[in-house]
file structure.csv (CSV, C-alpha atoms and all ligand atoms)
chain,number,residue,atom,x,y,z
F,1,MET,CA,-74.8,173.1,12.5
F,2,TYR,CA,-75.0,172.7,16.2
F,3,PHE,CA,-75.4,168.9,16.1
F,4,THR,CA,-72.3,166.8,16.7
F,5,THR,CA,-71.9,163.5,14.9
F,6,ALA,CA,-72.7,161.8,18.1
F,7,THR,CA,-76.0,163.6,18.4
F,8,VAL,CA,-77.0,162.8,14.9
F,9,LEU,CA,-76.3,159.1,15.5
F,10,ALA,CA,-78.1,159.1,18.8
F,11,LEU,CA,-81.2,160.8,17.1
F,12,ALA,CA,-81.1,158.4,14.2
F,13,SER,CA,-80.9,155.3,16.3
F,14,SER,CA,-83.3,156.6,19.0
F,15,VAL,CA,-86.6,154.8,19.1
F,16,SER,CA,-88.2,157.6,21.0
F,17,ALA,CA,-87.5,161.3,20.8
F,18,HIS,CA,-88.1,163.4,23.7
F,19,THR,CA,-87.2,167.0,24.6
F,20,LEU,CA,-84.3,169.5,25.0
F,21,MET,CA,-83.8,173.1,25.8
F,22,TYR,CA,-82.9,175.6,23.1
F,23,SER,CA,-82.6,179.0,24.6
F,24,ALA,CA,-83.4,181.4,27.3
F,25,TRP,CA,-85.3,184.7,27.1
F,26,VAL,CA,-84.8,187.6,29.5
F,27,ASN,CA,-87.9,189.9,29.9
F,28,GLY,CA,-89.1,188.7,26.5
F,29,VAL,CA,-85.8,189.1,24.7
F,30,ASP,CA,-84.3,185.9,23.1
F,31,GLN,CA,-80.7,185.4,24.2
F,32,GLY,CA,-80.0,183.2,21.2
F,33,ASP,CA,-79.2,179.6,20.7
F,34,GLY,CA,-77.9,178.6,24.1
F,35,ARG,CA,-76.9,175.0,23.4
F,36,ASN,CA,-73.4,174.4,24.7
F,37,VAL,CA,-73.1,178.2,24.9
F,38,TYR,CA,-74.9,178.9,28.2
F,39,ILE,CA,-76.8,175.7,28.5
F,40,ARG,CA,-75.0,172.6,29.6
F,41,SER,CA,-76.6,170.6,26.8
F,42,PRO,CA,-76.8,166.8,26.9
F,43,PRO,CA,-75.7,164.9,23.8
F,44,ASN,CA,-79.4,164.0,22.9
F,45,ASN,CA,-82.9,164.4,24.1
F,46,SER,CA,-83.2,161.2,26.0
F,47,PRO,CA,-84.5,161.2,29.6
F,48,VAL,CA,-82.8,160.3,32.9
F,49,LYS,CA,-84.7,157.8,35.0
F,50,ASP,CA,-82.2,156.6,37.6
F,51,LEU,CA,-82.6,158.7,40.7
F,52,SER,CA,-79.1,157.8,42.0
F,53,SER,CA,-77.4,159.0,38.8
F,54,PRO,CA,-75.6,162.4,38.9
F,55,ASP,CA,-77.1,162.9,35.4
F,56,LEU,CA,-80.4,163.5,37.2
F,57,VAL,CA,-79.1,166.9,38.3
F,58,CYS,CA,-77.8,168.6,35.1
F,59,ASN,CA,-78.2,165.7,32.6
F,60,VAL,CA,-75.4,164.0,30.8
F,61,ASN,CA,-72.5,166.5,30.4
F,62,GLY,CA,-73.9,168.3,33.5
F,63,GLY,CA,-70.3,168.7,34.8
F,64,LYS,CA,-69.1,170.3,31.6
F,65,ALA,CA,-69.1,174.1,32.2
F,66,ALA,CA,-70.4,176.1,29.2
F,67,SER,CA,-68.5,179.2,28.0
F,68,SER,CA,-71.2,181.9,28.6
F,69,PHE,CA,-73.8,183.1,31.0
F,70,VAL,CA,-77.2,184.6,30.6
F,71,SER,CA,-77.2,188.0,32.1
F,72,ALA,CA,-80.3,189.0,34.1
F,73,ALA,CA,-81.3,191.1,37.2
F,74,ALA,CA,-83.1,189.7,40.2
F,75,GLY,CA,-86.8,190.0,39.6
F,76,ASP,CA,-86.5,189.6,35.8
F,77,THR,CA,-88.7,187.2,34.0
F,78,LEU,CA,-86.8,184.3,32.4
F,79,THR,CA,-88.3,182.1,29.7
F,80,PHE,CA,-86.8,178.8,28.9
F,81,GLU,CA,-87.6,177.4,25.5
F,82,TRP,CA,-87.8,173.7,24.8
F,83,TYR,CA,-88.0,171.7,21.6
F,84,HIS,CA,-88.3,168.2,20.4
F,85,ASN,CA,-86.0,167.7,17.3
F,86,THR,CA,-85.8,171.2,15.8
F,87,ARG,CA,-86.7,174.5,17.3
F,88,GLY,CA,-90.4,175.4,17.2
F,89,ASP,CA,-91.6,171.9,16.3
F,90,ASP,CA,-94.1,169.9,18.4
F,91,ILE,CA,-91.9,170.5,21.5
F,92,VAL,CA,-92.6,167.2,23.2
F,93,ASP,CA,-95.0,164.4,22.6
F,94,LEU,CA,-98.2,165.2,24.4
F,95,SER,CA,-98.1,161.7,26.0
F,96,HIS,CA,-95.3,163.2,28.2
F,97,LYS,CA,-97.7,164.7,30.8
F,98,GLY,CA,-96.1,166.0,34.0
F,99,PRO,CA,-94.8,169.0,35.9
F,100,ILE,CA,-92.2,171.6,35.1
F,101,ILE,CA,-90.0,172.5,38.1
F,102,THR,CA,-87.3,175.1,38.4
F,103,TYR,CA,-84.4,175.2,40.9
F,104,ILE,CA,-81.4,177.5,41.4
F,105,ALA,CA,-77.9,176.8,43.0
F,106,PRO,CA,-74.8,178.9,43.5
F,107,TYR,CA,-72.7,178.4,40.4
F,108,THR,CA,-70.4,175.5,40.2
F,109,GLU,CA,-68.3,174.1,37.4
F,110,GLY,CA,-69.1,170.7,38.8
F,111,ASN,CA,-72.1,168.6,38.0
F,112,GLY,CA,-74.3,170.0,40.8
F,113,ALA,CA,-74.8,166.6,42.4
F,114,SER,CA,-74.8,167.8,46.0
F,115,ALA,CA,-77.1,169.6,48.5
F,116,ILE,CA,-77.0,173.0,46.9
F,117,TRP,CA,-80.4,173.4,45.2
F,118,THR,CA,-83.4,175.6,46.0
F,119,LYS,CA,-86.8,175.5,44.3
F,120,ILE,CA,-87.9,178.8,42.8
F,121,ALA,CA,-90.9,177.8,40.6
F,122,GLU,CA,-93.2,174.9,40.0
F,123,ASP,CA,-96.2,174.0,37.9
F,124,GLY,CA,-97.9,170.6,38.1
F,125,PHE,CA,-101.5,169.9,37.4
F,126,ALA,CA,-104.1,172.8,37.6
F,127,ASN,CA,-107.4,173.5,36.0
F,128,GLY,CA,-107.5,170.2,34.3
F,129,LYS,CA,-104.1,170.7,32.6
F,130,TRP,CA,-100.6,169.5,33.1
F,131,ALA,CA,-97.7,171.9,32.9
F,132,VAL,CA,-96.4,170.1,29.9
F,133,GLU,CA,-99.6,170.7,28.0
F,134,THR,CA,-99.4,174.4,28.6
F,135,LEU,CA,-95.7,174.3,27.5
F,136,VAL,CA,-96.7,172.8,24.2
F,137,ALA,CA,-99.5,175.3,23.8
F,138,ASN,CA,-97.0,178.0,24.4
F,139,LYS,CA,-94.6,176.7,21.7
F,140,GLY,CA,-92.1,175.4,24.2
F,141,LYS,CA,-91.8,178.5,26.3
F,142,TYR,CA,-92.0,178.5,30.1
F,143,ASP,CA,-91.9,181.7,32.1
F,144,PHE,CA,-90.7,182.2,35.6
F,145,LYS,CA,-89.3,184.9,37.7
F,146,LEU,CA,-85.9,185.2,39.3
F,147,PRO,CA,-86.7,186.0,42.9
F,148,SER,CA,-86.4,189.8,43.4
F,149,SER,CA,-84.6,189.3,46.7
F,150,LEU,CA,-81.9,187.2,45.0
F,151,ALA,CA,-78.3,188.3,45.6
F,152,ALA,CA,-76.2,189.1,42.6
F,153,GLY,CA,-73.7,186.5,41.5
F,154,LYS,CA,-73.4,183.5,39.3
F,155,TYR,CA,-75.9,180.7,39.4
F,156,LEU,CA,-77.0,177.5,37.8
F,157,VAL,CA,-80.7,177.5,37.0
F,158,ARG,CA,-82.0,174.0,36.5
F,159,GLN,CA,-85.4,173.4,34.9
F,160,GLU,CA,-86.8,169.9,34.6
F,161,ILE,CA,-89.8,168.4,32.8
F,162,ILE,CA,-90.9,165.2,34.5
F,163,ALA,CA,-92.8,163.0,32.0
F,164,LEU,CA,-95.1,160.6,33.8
F,165,HIS,CA,-96.5,158.5,30.9
F,166,GLU,CA,-94.6,155.5,32.2
F,167,GLY,CA,-94.5,156.8,35.8
F,168,ASP,CA,-97.2,154.5,37.2
F,169,VAL,CA,-94.4,152.2,38.1
F,170,ALA,CA,-91.0,153.0,39.7
F,171,TYR,CA,-87.8,152.7,37.6
F,172,SER,CA,-86.3,150.7,40.4
F,173,SER,CA,-89.0,148.0,40.1
F,174,ASN,CA,-89.2,148.1,36.3
F,175,PRO,CA,-86.3,149.8,34.5
F,176,ALA,CA,-88.2,149.6,31.2
F,177,ARG,CA,-90.6,152.1,32.6
F,178,GLY,CA,-90.6,154.8,35.3
F,179,ALA,CA,-90.8,158.6,35.4
F,180,GLN,CA,-88.7,160.3,32.7
F,181,PHE,CA,-86.7,163.3,33.9
F,182,TYR,CA,-85.6,166.0,31.4
F,183,PRO,CA,-83.3,168.2,33.4
F,184,SER,CA,-81.5,171.2,31.8
F,185,CYS,CA,-79.0,173.5,33.5
F,186,VAL,CA,-78.5,177.1,32.4
F,187,GLN,CA,-75.7,179.3,33.5
F,188,VAL,CA,-77.1,182.6,34.7
F,189,GLU,CA,-75.2,185.7,36.0
F,190,VAL,CA,-77.4,187.9,38.2
F,191,THR,CA,-76.1,191.4,37.7
F,192,SER,CA,-78.0,193.2,40.4
F,193,GLY,CA,-80.3,192.1,43.2
F,194,GLY,CA,-81.0,191.9,46.9
F,195,SER,CA,-79.2,190.0,49.5
F,196,ALA,CA,-81.0,186.7,49.7
F,197,VAL,CA,-79.1,183.5,49.3
F,198,PRO,CA,-81.1,180.4,48.3
F,199,SER,CA,-81.0,178.2,51.3
F,200,GLU,CA,-83.0,175.0,50.8
F,201,ASN,CA,-79.9,172.8,50.3
F,202,PHE,CA,-81.8,170.2,48.3
F,203,ASP,CA,-80.0,167.2,46.8
F,204,PHE,CA,-81.7,165.5,43.9
F,205,ASN,CA,-80.1,162.1,44.4
F,206,THR,CA,-81.3,161.8,48.0
F,207,GLY,CA,-84.3,164.2,47.9
F,208,TYR,CA,-86.2,162.5,45.0
F,209,THR,CA,-87.1,158.9,45.8
F,210,TYR,CA,-89.0,156.0,44.3
F,211,SER,CA,-91.6,156.3,47.1
F,212,ASP,CA,-92.3,159.9,46.3
F,213,PRO,CA,-96.0,160.1,45.2
F,214,GLY,CA,-95.1,162.8,42.6
F,215,ILE,CA,-92.5,160.5,41.0
F,216,VAL,CA,-94.5,157.3,41.0
F,217,PHE,CA,-97.8,158.6,39.8
F,218,ASN,CA,-100.6,157.2,37.5
F,219,ILE,CA,-101.7,159.9,35.1
F,220,TYR,CA,-104.3,157.6,33.4
F,221,GLY,CA,-107.0,157.7,36.0
F,222,SER,CA,-109.1,160.7,36.6
F,223,VAL,CA,-106.5,163.0,38.0
F,224,THR,CA,-107.7,165.8,40.3
F,225,SER,CA,-104.5,166.9,41.8
F,226,TYR,CA,-100.8,166.1,41.7
F,227,PRO,CA,-98.1,166.4,44.5
F,228,ILE,CA,-95.1,168.1,42.9
F,229,PRO,CA,-91.9,166.5,44.1
F,230,GLY,CA,-89.1,168.3,45.9
F,231,PRO,CA,-89.2,171.0,48.6
F,232,GLU,CA,-91.6,173.9,48.8
F,233,VAL,CA,-91.0,176.9,46.6
F,234,TRP,CA,-88.4,179.0,48.5
F,235,SER,CA,-90.0,181.7,50.6
F,236,GLY,CA,-87.5,184.2,49.2
F,237,ALA,CA,-88.9,183.4,45.7
F,238,SER,CA,-91.9,184.8,44.0
F,239,SER,CA,-94.1,182.1,42.6
F,240,GLY,CA,-93.2,180.6,39.4
F,241,GLY,CA,-94.6,179.7,36.2
F,242,GLY,CA,-97.6,180.6,34.6
F,243,SER,CA,-97.4,181.1,31.0
F,244,ALA,CA,-98.5,184.6,30.4
F,245,PRO,CA,-95.7,186.5,28.8
F,246,VAL,CA,-94.8,189.5,30.8
F,247,ALA,CA,-93.9,192.7,29.1
F,248,SER,CA,-90.4,193.9,30.0
F,249,SER,CA,-91.6,197.3,31.3
F,250,SER,CA,-94.1,195.8,33.7
F,251,THR,CA,-91.6,193.2,34.9
F,252,ARG,CA,-89.3,195.9,36.1
F,253,VAL,CA,-92.1,197.7,37.9
F,254,ALA,CA,-93.5,194.5,39.4
F,255,SER,CA,-90.2,193.5,40.9
F,256,SER,CA,-90.2,196.3,43.4
F,257,THR,CA,-93.6,195.3,44.8
F,258,ALA,CA,-93.0,191.6,44.5
F,259,VAL,CA,-91.2,191.4,47.8
F,260,ALA,CA,-94.4,191.3,49.9
F,261,ALA,CA,-96.0,188.7,47.7
F,262,PRO,CA,-94.0,185.5,48.4
F,263,THR,CA,-95.4,184.9,51.9
F,264,SER,CA,-98.9,184.2,50.6
F,265,THR,CA,-97.6,182.3,47.6
F,266,ALA,CA,-95.5,180.1,49.7
F,267,ALA,CA,-98.4,179.4,52.1
F,268,ALA,CA,-100.7,178.6,49.2
F,269,SER,CA,-98.3,176.1,47.8
F,270,THR,CA,-97.9,174.4,51.1
F,271,THR,CA,-101.5,173.6,51.4
F,272,ALA,CA,-101.8,172.7,47.7
F,273,VAL,CA,-99.0,170.2,48.0
F,274,ALA,CA,-99.8,168.9,51.5
F,275,SER,CA,-103.5,168.1,51.1
F,276,PRO,CA,-103.3,165.8,48.0
F,277,THR,CA,-100.6,163.7,49.4
F,278,THR,CA,-102.7,161.4,51.5
F,279,THR,CA,-105.3,160.9,48.8
F,280,LEU,CA,-102.6,160.3,46.2
F,281,VAL,CA,-100.6,157.8,48.1
F,282,THR,CA,-103.7,155.5,48.2
F,283,SER,CA,-104.4,155.9,44.6
F,284,VAL,CA,-100.8,155.2,43.6
F,285,ARG,CA,-100.7,152.1,45.7
F,286,THR,CA,-103.9,150.8,44.2
F,287,SER,CA,-102.8,151.4,40.7
F,288,SER,CA,-99.3,150.1,40.9
F,289,ALA,CA,-100.5,146.6,41.7
F,290,PRO,CA,-102.5,144.5,39.2
F,291,ALA,CA,-104.5,147.5,38.2
F,292,ALA,CA,-101.5,148.9,36.4
F,293,THR,CA,-101.9,146.6,33.5
F,294,SER,CA,-105.3,147.8,32.6
F,295,THR,CA,-104.7,151.5,33.0
F,296,THR,CA,-101.4,151.4,31.2
F,297,PRO,CA,-101.6,152.2,27.5
F,298,SER,CA,-100.7,149.1,25.5
F,299,LYS,CA,-98.1,150.8,23.3
F,300,PRO,CA,-95.1,152.7,24.6
F,301,SER,CA,-96.0,156.3,24.3
F,302,CYS,CA,-92.5,157.5,23.5
F,303,GLY,CA,-92.6,155.6,20.2
F,304,GLY,CA,-95.7,154.8,18.2
F,305,LYS,CA,-96.6,157.2,15.4
F,306,ARG,CA,-93.9,159.5,16.4
F,307,LYS,CA,-91.2,157.0,15.5
F,308,ARG,CA,-91.3,157.5,11.8
F,309,ARG,CA,-91.3,161.2,11.9
F,310,SER,CA,-88.4,161.4,14.3
F,311,VAL,CA,-86.3,159.2,12.1
F,312,SER,CA,-87.0,161.3,9.0
F,313,ARG,CA,-86.2,164.4,11.0
F,314,ALA,CA,-83.0,162.9,12.1
F,315,LYS,CA,-82.1,162.2,8.6
F,316,LYS,CA,-82.8,165.7,7.6
F,317,VAL,CA,-80.5,166.9,10.4
F,318,LYS,CA,-77.8,164.5,9.3
F,319,LYS,CA,-77.8,166.0,5.9
F,320,THR,CA,-77.4,169.4,7.3
F,321,ALA,CA,-74.7,168.4,9.6
F,322,ILE,CA,-72.7,166.8,6.8
F,323,GLY,CA,-73.3,169.9,4.7
F,324,VAL,CA,-71.7,171.8,7.5
N,1,CU,CU,-90.0,160.6,25.6

call {"tool": "encode", "arguments": {"input": "structure.csv", "output": "C-alpha cells"}}
result
Amino acid sequence: MYFTTATVLALASSVSAHTLMYSAWVNGVDQGDGRNVYIRSPPNNSPVKDLSSPDLVCNVNGGKAASSFVSAAAGDTLTFEWYHNTRGDDIVDLSHKGPIITYIAPYTEGNGASAIWTKIAEDGFANGKWAVETLVANKGKYDFKLPSSLAAGKYLVRQEIIALHEGDVAYSSNPARGAQFYPSCVQVEVTSGGSAVPSENFDFNTGYTYSDPGIVFNIYGSVTSYPIPGPEVWSGASSGGGSAPVASSSTRVASSTAVAAPTSTAAASTTAVASPTTTLVTSVRTSSAPAATSTTPSKPSCGGKRKRRSVSRAKKVKKTAIGV
C-alpha cells in the first residue's frame, strides 16, 4: 500500500536488497508507519556510496519535505526502526557489518547538504559486536536519547547505517565496491527542552572522506576496534545508543539528572576514537593493497543466497500494490 510503482520495480530489479527505516518510537510508543509521512523516504533500499553526492545526507528524495513531524521532548528516548523488505523481517543482511550514527540539524526543507549537522549518538564496534549485529538482534530497533539540553524547535534527525562489507576499498578507487551508506532523515519537533543549540556544523560531503579510516575499513581481519567517522558526539548530548529499551517513566526521571553525565561520556568517546586511529590506519593500508584480494569474500555479500528471497518478496509486494 505504501509502495509506489517505482519502488516495486526497483525492488524487483534490484540484485541486492539492503535496508530502510520504517518508523520512530518515542519513549517506547510507536509513532506509526513514518514512510513519506515524517520520514523523508528514498524510493528504494539501495545504498549511497558517493561521498560528494547530496544524497549522502538525507538519501534520494532528501530534499522532499514530509508532511508531518514526530513530536518529542528533549531528553526523550527515540527509537528508529529499520527493515529490509517488509517490517519485522531480517532487517538487513548480516554481512552488512558497520556502525550506526545519529546526527541532528535545525529543520530545513532543503536536502541538508551543508554544514548544519551535529552528532548526538554513535555505536561502532564494541564487545566483539558491530552495531548492525545488535540492530538485527533487536529486530531493527535502535534507541538513542534526544539531548536533554536541546532547545525546543523543529529538527531533522539523520540516522545512518554504514555497511562495510565492501568497505576495504574506497568507492573512489573502485566504484563497484566501497562503504555503503544508508542515511535516513526523520522530521522531529521538540516540544519542550533546554536552550542548547547543536553547534558542530558538520558537512557530510566534506567531512566524510575516502581517507577516513572509518570509511575505508577492512572488517574481515580480526577487528579489535573501529574508528567511527565524523565529529565527536556533541558535548551537549547524552551518549547514544545502546539497545536496552528504556521504560517511559524512567526516561522522564533520567532526563533531569542527565545534564551532568555528558562530560564524562564525551571524554570517554574521545579516547575511544582517538587511540585506535593510528593502529587502524596501518591495518587499512596493509589490507587495501594486494592483501585485499585474499581477505575479501569471493561472492558479493549483497547478493548471494539473499537474491532469490528478495525477488520473491518483491513479487509478493507487487501483488499487494496492484491489489491496492
Ligand atoms: Cu546491501

call {"tool": "atom_distance", "arguments": {"input": "structure.csv", "atom1": "CA of Thr79 in chain F", "atom2": "CA of Asp143 in chain F"}}
result
4.3 Å

call {"tool": "atom_distance", "arguments": {"input": "structure.csv", "atom1": "CA of Gln187 in chain F", "atom2": "CA of Ala151 in chain F"}}
result
15.3 Å

call {"tool": "atom_distance", "arguments": {"input": "structure.csv", "atom1": "CA of Leu164 in chain F", "atom2": "CA of Tyr182 in chain F"}}
result
11.2 Å

call {"tool": "closest_residue", "arguments": {"input": "structure.csv", "among": "F:Val136, F:Leu51, F:Ala163, F:Ile39", "to": "ligand CU 1 (chain N)", "atoms": "all atoms listed in the file"}}
result
F:Ala163

call {"tool": "residues_around", "arguments": {"input": "structure.csv", "residues": "Val57 in chain F", "least_positions_apart": "5", "cutoff": "12 Å", "atoms": "all atoms listed in the file", "output": "count of residues only"}}
result
40

call {"tool": "closest_residue", "arguments": {"input": "structure.csv", "among": "F:Ala73, F:Met21, F:Val132, F:Ile219", "to": "His165 in chain F", "atoms": "only C-alpha atoms"}}
result
F:Ile219

call {"tool": "closest_residue", "arguments": {"input": "structure.csv", "among": "F:Tyr83, F:Trp130, F:Phe125, F:Phe144", "to": "ligand CU 1 (chain N)", "atoms": "all atoms listed in the file"}}
result
F:Tyr83

call {"tool": "closest_residue", "arguments": {"input": "structure.csv", "among": "F:Thr118, F:Asn45, F:Gln31, F:Thr191", "to": "ligand CU 1 (chain N)", "atoms": "all atoms listed in the file"}}
result
F:Asn45

call {"tool": "closest_residue", "arguments": {"input": "structure.csv", "among": "F:Tyr38, F:Ser46, F:Ser225, F:Leu78", "to": "ligand CU 1 (chain N)", "atoms": "all atoms listed in the file"}}
result
F:Ser46

call {"tool": "closest_residue", "arguments": {"input": "structure.csv", "among": "F:Val197, F:Val233, F:Leu150, F:Leu94", "to": "Lys129 in chain F", "atoms": "only C-alpha atoms"}}
result
F:Leu94
